[in-house]
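Asker: For reference, this is query_6.cif, and it has mmCIF, C-alpha atoms and all ligand atoms.
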data_final
#
loop_
_atom_site.label_atom_id
_atom_site.label_comp_id
_atom_site.auth_asym_id
_atom_site.auth_seq_id
_atom_site.Cartn_x
_atom_site.Cartn_y
_atom_site.Cartn_z
CA MET X 54 79.73 -23.61 192.90
CA THR X 55 78.68 -19.98 192.92
CA THR X 56 80.37 -17.39 195.01
CA GLU X 57 78.02 -14.84 196.52
CA THR X 58 79.25 -11.30 196.36
CA THR X 59 77.96 -8.68 198.74
CA PRO X 60 77.14 -5.46 196.87
CA THR X 61 79.34 -2.66 198.04
CA THR X 62 78.15 0.90 198.17
CA THR X 63 80.85 3.51 198.17
CA GLU X 64 80.11 6.45 200.39
CA PRO X 65 80.69 9.73 198.48
CA GLU X 66 83.84 11.49 199.64
CA THR X 67 83.60 14.50 201.93
CA VAL X 68 84.83 17.42 199.85
CA LEU X 69 84.38 20.23 202.36
CA THR X 70 84.69 20.21 206.15
CA VAL X 71 83.94 23.42 208.01
CA GLU X 72 84.71 23.41 211.74
CA ASP X 73 84.02 26.17 214.23
CA LEU X 74 84.38 28.88 211.58
CA ARG X 75 84.30 32.36 213.14
CA ILE X 76 84.49 35.63 211.23
CA THR X 77 84.67 39.03 212.87
CA PHE X 78 84.88 42.42 211.16
CA SER X 79 86.36 45.50 212.78
CA ARG X 80 84.40 48.57 211.79
CA GLY X 81 84.32 51.98 213.47
CA GLY X 82 85.87 50.60 216.67
CA ARG X 83 83.21 47.85 216.86
CA ARG X 84 83.64 44.12 216.37
CA ILE X 85 80.92 42.62 214.21
CA HIS X 86 80.55 38.90 214.83
CA ALA X 87 79.25 37.86 211.41
CA VAL X 88 79.90 34.10 211.68
CA ASN X 89 79.97 32.42 215.09
CA GLY X 90 81.13 28.82 215.22
CA LEU X 91 79.80 27.36 211.98
CA SER X 92 80.39 23.65 211.38
CA TYR X 93 79.23 21.39 208.57
CA GLU X 94 80.40 18.80 206.07
CA LEU X 95 79.58 18.54 202.40
CA LYS X 96 79.90 15.39 200.33
CA ALA X 97 80.56 15.08 196.60
CA GLY X 98 77.43 15.25 194.44
CA ARG X 99 75.26 16.81 197.16
CA MET X 100 73.44 20.13 197.14
CA LEU X 101 73.34 22.05 200.41
CA ALA X 102 70.97 25.01 200.69
CA ILE X 103 71.87 27.70 203.21
CA ILE X 104 68.86 29.77 204.22
CA GLY X 105 68.30 32.53 206.76
CA GLU X 106 67.27 36.16 207.04
CA SER X 107 69.29 38.96 205.54
CA GLY X 108 72.48 39.53 207.54
CA SER X 109 72.59 36.02 209.04
CA GLY X 110 76.09 35.41 207.65
CA LYS X 111 75.34 33.24 204.63
CA SER X 112 77.47 35.14 202.11
CA VAL X 113 80.29 35.97 204.50
CA SER X 114 80.63 32.30 205.46
CA VAL X 115 81.04 31.16 201.83
CA ARG X 116 83.17 34.12 200.75
CA ALA X 117 85.62 33.07 203.47
CA LEU X 118 85.98 29.71 201.70
CA MET X 119 86.85 31.55 198.47
CA GLY X 120 89.32 33.92 200.16
CA LEU X 121 87.12 36.82 199.08
CA LEU X 122 86.73 38.72 202.36
CA PRO X 123 88.32 42.16 202.90
CA PRO X 124 91.39 42.54 205.13
CA SER X 125 89.14 43.80 207.96
CA ALA X 126 87.82 40.24 208.36
CA PHE X 127 89.42 38.16 211.14
CA ILE X 128 88.86 34.45 210.48
CA THR X 129 89.44 31.55 212.85
CA GLY X 130 88.47 27.88 212.86
CA SER X 131 88.95 25.53 209.97
CA ALA X 132 87.60 24.97 206.45
CA ARG X 133 89.19 22.08 204.60
CA LEU X 134 88.72 21.40 200.93
CA GLY X 135 89.62 17.71 200.85
CA ASP X 136 92.66 17.87 203.11
CA VAL X 137 93.70 21.41 202.14
CA GLU X 138 93.15 23.97 204.90
CA LEU X 139 91.70 27.20 203.50
CA VAL X 140 91.70 29.33 206.64
CA GLY X 141 94.94 31.25 206.90
CA LYS X 142 95.97 30.68 203.27
CA SER X 143 97.77 33.59 201.64
CA ASP X 144 96.11 35.51 198.79
CA LYS X 145 98.62 33.97 196.40
CA SER X 146 97.81 30.39 197.45
CA MET X 147 94.08 31.13 197.37
CA ARG X 148 94.39 32.35 193.78
CA SER X 149 95.55 28.88 192.74
CA ILE X 150 92.61 27.20 194.54
CA ARG X 151 89.88 29.70 193.70
CA GLY X 152 88.15 28.81 190.44
CA ARG X 153 90.12 25.58 190.22
CA ASP X 154 88.91 23.53 193.19
CA ILE X 155 86.14 25.79 194.47
CA ALA X 156 84.19 28.24 192.33
CA MET X 157 81.38 30.69 192.84
CA VAL X 158 78.49 32.09 190.81
CA PHE X 159 77.10 35.44 191.96
CA GLN X 160 73.71 37.10 191.76
CA ASP X 161 74.41 39.58 188.97
CA PRO X 162 76.19 38.00 185.98
CA SER X 163 76.36 41.29 184.08
CA ARG X 164 78.70 42.69 186.74
CA SER X 165 80.93 39.62 186.68
CA LEU X 166 81.29 39.39 182.89
CA ASN X 167 83.58 41.67 180.89
CA PRO X 168 81.32 43.69 178.51
CA THR X 169 84.16 44.19 176.02
CA MET X 170 84.97 40.50 175.43
CA SER X 171 82.89 37.84 173.71
CA VAL X 172 81.58 35.20 176.09
CA GLY X 173 83.61 32.54 174.29
CA ALA X 174 86.81 34.52 174.79
CA GLN X 175 86.02 34.88 178.50
CA ILE X 176 85.52 31.15 178.99
CA THR X 177 88.63 30.42 176.92
CA GLU X 178 90.62 32.79 179.11
CA ALA X 179 89.35 31.06 182.27
CA LEU X 180 90.35 27.69 180.80
CA ARG X 181 93.82 28.91 179.82
CA THR X 182 94.41 30.34 183.28
CA GLN X 183 93.16 27.32 185.17
CA THR X 184 94.15 24.38 182.96
CA ASP X 185 97.04 23.39 180.71
CA LEU X 186 94.95 23.58 177.54
CA GLY X 187 96.37 25.33 174.49
CA LYS X 188 94.37 28.05 172.70
CA LYS X 189 92.60 25.82 170.14
CA GLU X 190 91.79 23.12 172.70
CA ALA X 191 90.53 25.74 175.15
CA GLU X 192 88.25 27.25 172.51
CA ALA X 193 86.81 23.83 171.67
CA ARG X 194 86.31 23.09 175.35
CA ALA X 195 84.63 26.50 175.82
CA VAL X 196 82.03 25.55 173.21
CA GLU X 197 81.56 22.21 174.99
CA LEU X 198 81.03 24.04 178.26
CA LEU X 199 78.43 26.32 176.64
CA LYS X 200 76.64 23.19 175.47
CA LEU X 201 77.02 21.64 178.90
CA VAL X 202 75.19 24.60 180.46
CA ARG X 203 72.63 24.29 177.64
CA LEU X 204 73.15 27.65 176.04
CA PRO X 205 71.13 27.44 172.84
CA ALA X 206 73.17 27.76 169.61
CA ALA X 207 76.44 27.51 171.54
CA GLU X 208 78.76 27.89 168.51
CA ARG X 209 77.08 31.15 167.50
CA ARG X 210 76.78 32.49 171.06
CA PHE X 211 80.51 31.83 171.58
CA HIS X 212 81.20 34.93 169.49
CA GLU X 213 78.55 37.14 171.12
CA TYR X 214 79.04 39.77 173.82
CA PRO X 215 77.27 39.72 177.21
CA HIS X 216 74.84 42.48 176.22
CA GLN X 217 73.55 40.30 173.38
CA LEU X 218 72.42 37.61 175.84
CA SER X 219 69.45 37.52 178.22
CA GLY X 220 69.97 37.44 182.02
CA GLY X 221 69.41 33.68 182.11
CA MET X 222 71.91 33.10 179.29
CA ARG X 223 74.51 35.29 181.02
CA GLN X 224 74.06 33.24 184.18
CA ARG X 225 74.64 30.08 182.14
CA VAL X 226 77.87 31.62 180.83
CA MET X 227 78.93 32.37 184.43
CA ILE X 228 78.23 28.76 185.38
CA ALA X 229 80.30 27.62 182.36
CA ILE X 230 83.21 29.80 183.57
CA ALA X 231 82.80 28.43 187.10
CA LEU X 232 82.96 24.87 185.72
CA ALA X 233 86.04 25.56 183.58
CA ALA X 234 88.42 23.72 185.89
CA ASP X 235 85.91 21.09 187.05
CA PRO X 236 85.74 22.34 190.66
CA LYS X 237 84.88 20.03 193.54
CA VAL X 238 82.60 22.65 195.11
CA LEU X 239 80.39 25.15 193.29
CA ILE X 240 78.84 27.95 195.33
CA ALA X 241 75.76 29.73 193.97
CA ASP X 242 75.06 32.79 196.12
CA GLU X 243 71.60 34.09 195.17
CA ALA X 244 72.53 33.05 191.63
CA THR X 245 68.92 32.97 190.45
CA THR X 246 67.52 35.93 192.41
CA ALA X 247 67.66 38.42 189.53
CA LEU X 248 65.89 36.06 187.12
CA ASP X 249 62.20 35.50 186.42
CA VAL X 250 60.54 32.46 187.97
CA THR X 251 60.72 30.22 184.89
CA THR X 252 64.38 31.01 184.25
CA GLN X 253 65.16 30.53 187.97
CA ALA X 254 63.75 27.00 187.79
CA GLN X 255 65.73 26.29 184.62
CA ILE X 256 69.00 27.44 186.18
CA MET X 257 68.28 25.34 189.27
CA GLU X 258 67.53 22.33 187.04
CA LEU X 259 70.85 22.93 185.35
CA LEU X 260 72.76 23.11 188.66
CA ALA X 261 71.05 19.96 189.91
CA ASP X 262 71.84 18.16 186.65
CA LEU X 263 75.51 19.18 186.79
CA GLN X 264 75.69 18.18 190.44
CA HIS X 265 74.42 14.69 189.62
CA ARG X 266 76.36 14.10 186.42
CA LEU X 267 79.69 15.67 187.34
CA GLY X 268 79.56 14.82 191.05
CA THR X 269 80.09 18.49 191.92
CA ALA X 270 79.06 19.48 195.43
CA VAL X 271 76.85 22.58 195.30
CA ILE X 272 76.18 25.14 198.01
CA MET X 273 73.15 27.23 197.08
CA ILE X 274 72.21 30.33 199.01
CA SER X 275 68.74 31.63 198.37
CA HIS X 276 65.98 33.69 199.87
CA ASP X 277 63.59 31.53 197.88
CA LEU X 278 62.81 28.71 200.28
CA GLY X 279 60.66 27.02 197.63
CA LEU X 280 63.74 26.64 195.42
CA ALA X 281 65.77 25.30 198.33
CA ALA X 282 63.05 22.79 199.20
CA SER X 283 62.67 21.68 195.60
CA TYR X 284 66.32 21.17 194.69
CA ALA X 285 68.61 20.83 197.72
CA ASP X 286 69.50 17.48 199.30
CA GLU X 287 70.02 19.11 202.66
CA VAL X 288 69.19 22.44 204.24
CA MET X 289 71.10 24.44 206.84
CA VAL X 290 69.32 27.34 208.53
CA MET X 291 71.50 30.21 209.77
CA TYR X 292 70.67 32.79 212.40
CA ALA X 293 73.09 35.40 213.75
CA GLY X 294 76.06 33.72 212.10
CA GLN X 295 75.28 30.26 213.46
CA ALA X 296 73.72 27.11 212.06
CA VAL X 297 70.55 26.60 214.10
CA GLU X 298 69.00 23.67 212.21
CA HIS X 299 70.47 21.28 209.64
CA ALA X 300 68.94 18.15 208.12
CA GLU X 301 68.04 16.39 204.89
CA THR X 302 65.53 18.57 203.04
CA GLU X 303 62.53 16.28 203.51
CA THR X 304 63.32 15.70 207.17
CA LEU X 305 63.63 19.41 207.81
CA PHE X 306 60.47 20.45 206.01
CA GLN X 307 58.40 17.58 207.43
CA ASN X 308 59.68 17.94 210.93
CA VAL X 309 60.85 21.47 211.68
CA ARG X 310 62.17 21.60 215.24
CA MET X 311 63.68 25.04 215.61
CA PRO X 312 61.17 27.86 216.30
CA TYR X 313 63.20 30.22 214.09
CA THR X 314 62.97 27.85 211.10
CA LYS X 315 59.24 27.52 211.66
CA ALA X 316 58.89 31.29 211.75
CA LEU X 317 61.06 31.70 208.64
CA LEU X 318 59.09 29.12 206.67
CA GLY X 319 55.77 30.34 208.03
CA ALA X 320 56.55 33.74 206.51
CA ILE X 321 56.18 32.44 202.94
CA PRO X 322 52.77 32.36 201.26
CA GLN X 323 51.47 28.86 200.56
CA LEU X 324 49.13 27.71 197.84
CA SER X 325 46.92 25.99 200.45
CA THR X 326 46.39 29.25 202.36
CA PRO X 327 43.13 31.02 201.44
CA SER X 328 43.78 34.11 199.32
CA HIS X 329 43.88 37.45 201.17
CA SER X 330 45.10 35.69 204.36
CA LEU X 331 47.59 37.77 206.33
CA LEU X 332 51.18 36.59 206.00
CA THR X 333 52.94 35.53 209.19
CA VAL X 334 55.89 37.83 209.89
CA ILE X 335 58.82 37.19 212.17
CA GLY X 336 58.38 39.76 214.91
CA GLY X 337 61.32 41.82 216.18
CA HIS X 338 64.70 42.35 214.55
CA PRO X 339 67.76 40.19 214.01
CA PRO X 340 70.29 40.76 216.80
CA ASP X 341 73.01 43.40 216.73
CA LEU X 342 76.03 41.37 215.65
CA SER X 343 78.34 43.63 217.65
CA ALA X 344 76.45 42.91 220.90
CA LEU X 345 75.14 39.35 220.72
CA PRO X 346 73.20 38.12 223.76
CA ALA X 347 74.84 35.50 225.98
CA GLY X 348 72.02 32.97 225.56
CA CYS X 349 70.08 31.84 222.49
CA PRO X 350 70.30 34.73 219.99
CA PHE X 351 66.68 34.13 218.88
CA ALA X 352 65.31 34.42 222.45
CA PRO X 353 64.06 38.05 222.22
CA ARG X 354 61.85 37.06 219.25
CA CYS X 355 60.97 33.50 220.24
CA PRO X 356 57.46 32.58 221.41
CA LYS X 357 58.83 29.47 223.14
CA ALA X 358 61.65 31.16 225.07
CA THR X 359 62.02 30.16 228.73
CA ASP X 360 64.63 30.83 231.42
CA ALA X 361 66.64 27.90 230.04
CA CYS X 362 67.27 29.97 226.90
CA ASP X 363 69.52 32.34 228.87
CA GLU X 364 72.15 29.70 228.18
CA ALA X 365 73.08 29.27 224.50
CA PRO X 366 71.90 25.90 223.12
CA GLU X 367 74.43 23.89 221.11
CA LEU X 368 73.74 22.58 217.62
CA LYS X 369 73.36 18.85 218.30
CA GLU X 370 72.05 15.77 216.56
CA HIS X 371 68.92 15.37 218.69
CA GLU X 372 67.29 12.96 216.22
CA PRO X 373 69.07 10.76 213.64
CA GLY X 374 70.43 13.07 210.93
CA HIS X 375 68.59 16.09 212.35
CA LEU X 376 70.65 18.76 214.09
CA TYR X 377 69.15 21.71 215.87
CA ALA X 378 70.06 24.21 218.56
CA CYS X 379 67.08 24.70 220.84
CA TRP X 380 66.01 23.94 224.42
CA ASN X 381 62.27 23.88 223.62
CA PRO X 382 61.87 22.50 220.10
CA VAL X 383 58.63 22.72 218.14
CA ALA X 384 56.33 19.79 219.03
CA LYS X 385 56.12 17.05 216.39
CA GLU X 386 52.39 17.68 215.78
CA ASP X 387 53.14 21.34 214.93
CA SER X 388 56.22 20.74 212.86
CA ALA X 389 55.08 19.63 209.35
CA LEU X 390 55.29 22.28 206.68
CA PHE X 391 54.30 21.96 203.03
CA GLY X 392 53.74 18.20 203.47
CA GLY X 393 57.44 17.69 202.86
CA ARG X 394 58.06 19.53 199.59
CA ALA X 395 57.62 23.24 199.08
CA LEU X 396 56.39 24.86 195.90
CA PRO X 397 57.63 22.23 193.44
CA LEU X 398 58.53 24.75 190.75
CA ASP X 399 60.02 22.15 188.47
CA GLU X 400 56.69 20.36 188.22
CA THR X 401 55.01 23.50 186.94
CA LEU X 402 57.08 23.27 183.75
CA GLU X 403 55.65 21.15 181.00
CA PRO X 404 57.51 17.97 180.12
CA VAL X 405 58.74 18.25 176.54
CA ASP X 406 60.63 16.21 174.01
CA ASP X 407 64.36 16.17 174.29
CA GLU X 408 65.32 17.18 170.75
CA ASP X 409 68.42 19.27 170.87
CA ARG X 410 70.61 17.34 173.28
CA THR X 411 74.16 18.16 172.48
CA LEU X 412 75.53 17.16 175.86
CA ASP X 413 76.76 13.74 174.74
CA ALA X 414 79.50 15.52 172.84
CA VAL X 415 80.99 16.80 176.07
CA HIS X 416 84.13 14.86 176.82
CA SER X 417 84.65 12.69 179.87
CA LEU X 418 81.12 13.00 181.17
CA PRO X 419 79.38 9.96 182.59
CA GLU X 420 76.11 8.72 181.10
CA HIS X 421 73.23 10.90 182.11
CA GLU X 422 69.48 10.92 182.28
CA PRO X 423 67.99 13.82 180.33
CA ILE X 424 66.07 16.30 182.42
CA GLU X 425 62.42 15.64 181.72
CA ALA X 426 60.97 19.02 182.40
CA LEU X 427 62.96 21.27 180.10
CA ASN X 428 64.48 21.46 176.69
CA ASP X 429 66.66 23.96 174.96
CA LEU X 430 63.99 25.05 172.52
CA ASN X 431 61.64 25.95 175.30
CA GLU X 432 64.49 27.68 177.01
CA GLU X 433 65.31 29.85 174.04
CA LYS X 434 61.73 31.09 174.05
CA ALA X 435 61.67 31.68 177.78
CA LEU X 436 65.07 33.33 178.26
N1 LIG F 501 82.87 44.02 204.78
C1 LIG F 501 82.15 44.01 205.91
N2 LIG F 501 82.46 44.82 206.94
C2 LIG F 501 81.74 44.79 208.09
N3 LIG F 501 80.70 43.97 208.30
C3 LIG F 501 80.33 43.16 207.31
C4 LIG F 501 81.04 43.13 206.06
N4 LIG F 501 80.46 42.21 205.26
C5 LIG F 501 79.43 41.69 205.99
N5 LIG F 501 79.37 42.25 207.21
C6 LIG F 501 78.43 41.92 208.29
O1 LIG F 501 78.20 40.55 208.26
C7 LIG F 501 76.81 40.29 208.38
C8 LIG F 501 76.47 39.11 207.55
O2 LIG F 501 76.53 39.52 206.19
P1 LIG F 501 76.19 38.54 204.99
O3 LIG F 501 76.47 39.30 203.75
O4 LIG F 501 76.89 37.25 205.16
O5 LIG F 501 74.62 38.32 205.19
P2 LIG F 501 73.67 37.40 204.33
O6 LIG F 501 73.12 36.36 205.23
O7 LIG F 501 74.37 36.93 203.11
O8 LIG F 501 72.51 38.43 203.98
P3 LIG F 501 71.70 38.64 202.60
O9 LIG F 501 70.65 37.58 202.65
O10 LIG F 501 71.15 40.01 202.72
O11 LIG F 501 72.65 38.49 201.46
C9 LIG F 501 76.11 41.55 207.95
O12 LIG F 501 75.01 41.79 208.77
C10 LIG F 501 77.12 42.64 208.11
O13 LIG F 501 76.85 43.31 209.33
S1 LIG F 502 66.55 27.94 222.62
FE1 LIG F 502 64.82 29.00 223.51
S2 LIG F 502 64.82 31.01 222.61
FE2 LIG F 502 66.14 29.74 221.36
S3 LIG F 502 64.83 29.03 219.73
FE3 LIG F 502 64.78 27.47 221.35
S4 LIG F 502 63.04 28.01 222.63
FE4 LIG F 502 63.48 29.78 221.37
MG MG F 503 74.19 37.35 201.08
#
Let me see the structure of the file written as structure tokens.
Answerer:
Amino acid sequence: MTTETTPTTTEPETVLTVEDLRITFSRGGRRIHAVNGLSYELKAGRMLAIIGESGSGKSVSVRALMGLLPPSAFITGSARLGDVELVGKSDKSMRSIRGRDIAMVFQDPSRSLNPTMSVGAQITEALRTQTDLGKKEAEARAVELLKLVRLPAAERRFHEYPHQLSGGMRQRVMIAIALAADPKVLIADEATTALDVTTQAQIMELLADLQHRLGTAVIMISHDLGLAASYADEVMVMYAGQAVEHAETETLFQNVRMPYTKALLGAIPQLSTPSHSLLTVIGGHPPDLSALPAGCPFAPRCPKATDACDEAPELKEHEPGHLYACWNPVAKEDSALFGGRALPLDETLEPVDDEDRTLDAVHSLPEHEPIEALNDLNEEKAL
């Protein structure tokens, strides 16, 4: 007799739960409402892209999670890392969480690295601060981390100083430092913006690979919507400190419902557009965050605004897995952009042999599929 077993699929754990996060700055007697009721969840091994115009609150919302806002910031609501509440934590408690459970990679690695210390010493120091490793073990692990982030010739580079590395290599070192304590959540705020297009794609490939193999949840913030569309599992669009649309990447790009998202995505050039066509621009200006309108904040710029928009729409799941905040959403027939995937940068890189894979040496990592599109040799030429 055979016993039939039903295959069980384990749902990835929710690592981050943000609920009604509000952040206000006091400046010159004014209250600047930078984040206004932000809510989302992030599961292990997922990449969330946060997109939106400059000043929409992307960086402030993630810096709050890291405890990196100045004292002039007043934060309410909740942000839980697992079951640990981050809002209201003291600086001292945040220091023991920051880097350990949640880590961040910034835009400019040269400003984050110490120019007077070798990169190996900097990773070793991060490991010694955040783990129980002794000096020798930490040094060995630092080399492993440099291999993990695919820094070519890791043993040699260990002894080099930041100025001896290219921008892409420095960003890899920053990612290695961020991964030192195996954080549950890795935040990359414009982490590829300062890099050339090829290196940007390589760093994104690296983040996506780490996300899949280590199960790290990644929040990527980028002005490059093509990168977001190519790599993120889900996309959240922010406007005036609020999430206005949030869905799986394919769903969002195939079925944009929020007029602001459509305007934002319509403002990027597309390969299918005839050359010399005028770019669509989003008319008007983002709202003054110290005097937000009572209704939908996008109303003064929205071609679909009606009287109903005098009342603020809530972010709701109007369609399965697709949240948006709008009274008059974009019609289905007008909503497809890019045919689902935008500017697949990774596919522009030539597939190459996978010669110099040193990743298997990295301890405690699960089996992995090599990334097809890149190899370290290519990288060394490109960086
Ligand atoms: N320290 C501060 N004091 C006062 N206001 C601030 C401070 N930091 C940010 N803000 C306000 O918060 C708003 C949101 O800033 P944030 O840096 O999150 O924007 P962003 O979406 O990351 O923009 P960008 O794409 O340009 O990086 C800004 O418009 C600014 O007015
Ligand atoms: S709620 Fe109204 S103003 Fe706001 S985006 Fe929708 S249609 Fe435009
Ligand atoms: Mg920012």
Asker: Mind running region 220-292 of chain X against region 352-372 of chain X at 12 Å and telling me each contacting residue's nearest atom pair with the distance in Å (one decimal), counting all atoms listed in the file, chain and number ascending, as a tab-separated table?
Answerer:
residue	atom	partner	partner_atom	distance
X:Met289	CA	X:Leu368	CA	11.3
X:Val290	CA	X:Leu368	CA	11.2
X:Met291	CA	X:Leu368	CA	11.2
X:Tyr292	CA	X:Ala352	CA	11.5
Asker: Contacts of Val226 (chain X) at 9 Å or less, counting only C-alpha atoms, minus same-chain residues fewer than 5 places along, as number ranges by chain?
Answerer: X: 162, 166, 172-173, 176, 198-199, 202, 204, 215, 221, 231
Asker: Dig up all the protein and nucleic acid residues within 9 Å of (66.1, 32.9, 202.3) in the file frame, using all atoms listed in the file, and format them as a VMD selection string.
Answerer: chain X and resid 103 to 107 274 to 278 281 290 317
Asker: Padding 3 Å on each side, edges along x, y and z: where is the centre of the box around the listed atoms of region 239-245 of chain X, and how long are its edges in Å to one decimal? Output it as AutoDock Vina command-line options.
Answerer:
--center_x 74.7 --center_y 29.6 --center_z 193.3 --size_x 17.5 --size_y 14.9 --size_z 11.7
Asker: Tell me which residues come within 8 Å of (86.8, 23.3, 211.1), as a ChimeraX atom specification, counting all atoms listed in the file in the file's coordinates.
Answerer: /X:70-74,92,130-133
Asker: Store the residues of this selection in a file with C-alpha atoms, as an mmCIF file, keeping the file's coordinate frame.
Answerer:
data_model
loop_
_atom_site.group_PDB
_atom_site.id
_atom_site.type_symbol
_atom_site.label_atom_id
_atom_site.label_comp_id
_atom_site.auth_asym_id
_atom_site.auth_seq_id
_atom_site.Cartn_x
_atom_site.Cartn_y
_atom_site.Cartn_z
ATOM 1 C CA THR X 70 84.690 20.210 206.150
ATOM 2 C CA VAL X 71 83.940 23.420 208.010
ATOM 3 C CA GLU X 72 84.710 23.410 211.740
ATOM 4 C CA ASP X 73 84.020 26.170 214.230
ATOM 5 C CA LEU X 74 84.380 28.880 211.580
ATOM 6 C CA SER X 92 80.390 23.650 211.380
ATOM 7 C CA GLY X 130 88.470 27.880 212.860
ATOM 8 C CA SER X 131 88.950 25.530 209.970
ATOM 9 C CA ALA X 132 87.600 24.970 206.450
ATOM 10 C CA ARG X 133 89.190 22.080 204.600
#
Asker: For CA of Leu118 (chain X) and CA of Val140 (chain X), determine how far apart the two atoms are, in Å to one decimal place.
Answerer: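 Taking CA of Leu118 (chain X) and CA of Val140 (chain X), their separation equals 7.6 Å.
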Asker: List all protein, DNA and RNA residues that have at least one atom no more than 6 Å from any atom of ligand LIG 501 (chain F), counting all atoms listed in the file, and write them as a list in words.
Answerer: Phe78, Arg80, Ala87, Glu106, Ser107, Gly108, Ser109, Gly110, Lys111, Ser112 and Val113 of chain X
Asker: Can you work out which one of X:Arg194, X:Lys96, X:His212, X:Lys237 has the shortest atom-to-atom distance to Ala156 (chain X), counting only C-alpha atoms?
Answerer: X:Lys237
Asker: Taking only C-alpha atoms and all ligand atoms into account, which of X:Glu298, X:Glu192, X:Glu258, X:Asp185 comes nearest ligand LIG 502 (chain F)?
Answerer: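 Under the stated criterion, the closest residue is X:Glu298.
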Asker: For each of X:Val297, X:Ala97, X:Val271, X:Met119, take the minimum atom-to-atom distance to ligand LIG 502 (chain F), counting all atoms listed in the file, then give the residue where this is smallest.
Answerer: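 Distance minimum relative to ligand LIG 502 (chain F) lands on X:Val297.
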Asker: Find the residues around Ser79 (chain X) up to 8 Å (all atoms listed in the file counted), leave out those fewer than 6 positions away in its own chain, and share them as a short mmCIF file (atom, residue, chain, number, x, y, z; two decimals) with C-alpha atoms, in the coordinates of the input.
Answerer:
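The resulting file, around_33.cif, is shown below:
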data_model
loop_
_atom_site.label_atom_id
_atom_site.label_comp_id
_atom_site.auth_asym_id
_atom_site.auth_seq_id
_atom_site.Cartn_x
_atom_site.Cartn_y
_atom_site.Cartn_z
CA ILE X 85 80.92 42.62 214.21
CA SER X 125 89.14 43.80 207.96
CA ALA X 126 87.82 40.24 208.36
#
Asker: Hey, which of X:Met227, X:Ala174, X:Leu239, X:Val288 ends up closest to Tyr214 (chain X)? Count only C-alpha atoms.
Answerer: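 Among the listed residues, X:Ala174 lies closest to Tyr214 (chain X).
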Asker: Interatomic distance between CA of Phe306 (chain X) and CA of Leu318 (chain X)?
Answerer: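 So the answer is 8.8 Å.
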Asker: For Tyr377 (chain X), which residue out of X:Thr314, X:Ser146, X:Ser343, X:Thr246 is the nearest one, using all atoms listed in the file?
Answerer: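 Using all atoms listed in the file, the shortest distance to Tyr377 (chain X) belongs to X:Thr314.
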Asker: Between X:Leu376, X:Cys349, X:Thr184, X:Val383, which is the closest to ligand LIG 502 (chain F) once you count all atoms listed in the file?
Answerer: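 The closest residue to ligand LIG 502 (chain F) is X:Cys349.
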Asker: Using CA of Val88 (chain X) and CA of Ser114 (chain X) as the two end points, give the distance in Å to one decimal.
Answerer: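 Separation between CA of Val88 (chain X) and CA of Ser114 (chain X): 6.5 Å.
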